[in-house]
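K.L.:
Please read through the structure below; I'll follow up with questions.
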Amino acid sequence: MPTLLADDARIDVARTDVDTLADLRKARRRRRLGDVEWFDVAYRAYLFALVGGALTIMASDAVGGLLDEGVERNDLLTRGPAVAAVAVVAAVAIGLRNGADGGPVSVERADVRHLLLSPIDRRRALLRPIVQRLRSVAFTLALPLGVVGQLIARDVDGSRVAWAASAALFGALVGALYVAAAVLAHALRLQPWSATAIGTVLVAWQIAVAVAIWTSADEPGEVATELESWQRIGPANTIGSVLFWSIRQRGVDAIAIGVVLAIVVVALALGGRLRLEPLERRGQLVSQLRFAATLQDIRTVVQLRRQLRAESVRTRPWFTAMPRPHRTETPKPARIIPARESNRTRFGDFDDEEPGARDGRRGQGARGAGGGTVLRLPGGVVWRRGTASIARIPTARFARMAALAALGGAAASWTVSSTPLAAIGLVVALFLVGLESVEPLAQEVDRPDLTDRLPVDRGRLFAHHLVAPAVLLGALGLIGAVGAVVVEPEHTIGALALAVPVVWGGAIGAIVTTVRDAPDPPSVASTTVVGRDRLAESPMALPEFAGISNTVTGLMPIVLSAIGSIPVFAMRLEASVSSAVRATVAVALCLAMLLVWIIRRDRWSLALRRFFTDGRAMREAP
């Protein structure tokens, strides 16, 4: 009897712990959602569904489809699953690496300290965060793929509803595999190098199968006879076949879905093995990441993403930066230019303080624009610093940039030969490659305390920091050209000729984003663009339009990166030498305007403030 009572007591304690956990989460949810107006939430969801549906139908009617008009049903069913399976294994590879880095869930620090260290079953405590992550990723992938499915339905057999449903199911399976792979990698203590190796093998295997099937024969019926067994069977072909359930259903595909569900169940069962230290670290970084994303601070988002992946610069550089040549004669002194020819906002004369006061505040040798001088250092110093920064880029980042460049090249080839919607992938890849490549410029922007002490023109300093990234982008452009050639060998000459203009033009958005993050000079930092006190000035836009304004501001860099797609669309309209030359000239003009903006940005800002200030002074004068 005492043993039975003890067992009953333990059972009661366990039930009490579970109930307490449920009550705490309910109370927290009520407090978090207590001030939420459900009518507003429902109205926003209604507007999102209405506007999204209308835009989808309009885009579908305007584009006219996603595939070539000559695509046959048998050809699509023979070669399509292997190509779609590349996305599946890519999601698994990314999930494995994410799990090895401490993902995929993020738990707040208080939950780690008080909940996961309490005598509650850790698997039960982590089950809900894992399920939430699984649900959010699956929905995030299912929704856009459902839209893509109804676009495919315009060119092949099958209804729009059937294609949208099969594509959405495929997206949900990809999202579930991503989260499950990440949880398994984290629970099984998979090392980053082993996760990368496994993911690389899976992706290479599936790509080899897809290429072999795609290029095997002109007739779909000849594929099964001309290929070896390993060339026909990929690690995820059956899951890729789910995408085409609208026109073909196979029993083996249902088995693949069962395997995916089994993997998800195993991941949920092992969820209690997640490590506490990575969870706490990831929770802190994710909270900062969300705050930075709310403020649209893209540079901070990039830095936090690198910290989530535990990336650090190389201790040994890939190559040694070009040393400064030894001079036997007297070195040439730095050029001294009058302050009136320099960027006056560099040391500021917007306010009424004396030049001597500015001298003490801005550092030794930095004199005001009223009569001082500014040094213009040789550009080679900045170029060597940028080269040294690129030489310490870690291997994972180089691989990520190369993969993005290759995907961008493939998207460019599909844009020319197939559908203009592939340009979306091209622009996104160009923007991300640009963000990763402008690291020397970003490092200068991140340390305004050091930059402001240099007696040099800030705009010209930023412009010199673009030389090293331009060389790196040129190399990445050649990788993108290889990706375009793999997709369509007929585009070899055009891809090699336009690779560099495309990546340079696509980096404009990233450069603008990085330079825009540079703080205003201290002399005008406390004023708005119209010259008023920043704390006392009311916002120029009404609160009702704040969301639209933030959306436009956030999308502007992506729109600017679309400049890199000008040569691609030129070749789509007319594949000729004259079209390529005109497109290259257009990109060159955009790059020239970018350089002028970078050099004169601070000067124009000061001139605009002065314009409004002088206007108010004239109006208030008797």
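Labels used: A, B, ... for chains in the order of the structure tokens, numbers from 1 for residues in each chain, and numbers from 1 for ligands as shown.
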If we count only C-alpha atoms and set the cut-off at 8 Å, which residues sit around region 461-476 of chain A, ignoring sequence neighbours fewer than 2 positions away in its own chain? Please answer as a PyMOL selection string.

P.N.:
chain A and resi 379+382-383+386-387+390+401-402+405+434+437-441+444+456-459+478-480+499-500+503-504+515+595+598-599

K.L.:
Would you mind listing what lies within 10 Å of Ser565 (chain A) as a PyMOL selection string, with only C-alpha atoms counted and same-chain residues fewer than 2 positions away left out?

P.N.:
chain A and resi 412+415+423-424+426-427+430+501-503+505-506+561-563+567-570+583+587

K.L.:
When you look at region 173-187 of chain A with a cut-off of 9 Å (counting only C-alpha atoms), what residues show up, excluding the ones that are within fewer than 3 positions of it in the same chain? I need them as an MDAnalysis selection string.

P.N.:
chainID A and resid 87:105 130 133:142 168:170 190:191 195 239 257 260:261 263:268 270:275

K.L.:
Tell me, as a list in words, which residues lie within 8 Å of Ala429 (chain A), counting only C-alpha atoms; anything in the same chain fewer than 4 positions away does not count.

P.N.:
Leu404, Ala405, Leu407, Gly408, Gly425 and Val433 of chain A

K.L.:
State, in Å with one decimal place, the distance from CA of Ala592 (chain A) to CA of Ala497 (chain A).

P.N.:
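Separation between CA of Ala592 (chain A) and CA of Ala497 (chain A): 20.0 Å.
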
K.L.:
Given only C-alpha atoms as the basis, pick out the residue of A:Asp111, A:Thr513, A:Asp121, A:Glu490 nearest to Val301 (chain A).

P.N.:
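Selected residue with least distance to Val301 (chain A): A:Thr513.
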
K.L.:
With distances taken over only C-alpha atoms, which of A:Gln288, A:Thr451, A:Thr238, A:Thr419 is nearest to Ala85 (chain A)?

P.N.:
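Checking each candidate against Ala85 (chain A), we get A:Thr238 as the closest.
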
K.L.:
Would you please give, as a ChimeraX atom specification, all residues of region 16-260 of chain A that DSSP assigns to alpha helix (DSSP H) based on the backbone?

P.N.:
/A:16-33,38-63,73-100,109-110,122-152,160-187,192-214,223-226,229-232,237-241,251-260

K.L.:
Using only C-alpha atoms, which of A:Ser194, A:Ala442, A:Ala406, A:Cys590 sits nearest Val485 (chain A)?

P.N.:
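Using only C-alpha atoms, Val485 (chain A) sits closest to A:Ala406.
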
K.L.:
Just the number, please: distance in Å from CA of Gly158 (chain A) to CA of Trp214 (chain A), one decimal.

P.N.:
22.7 Å
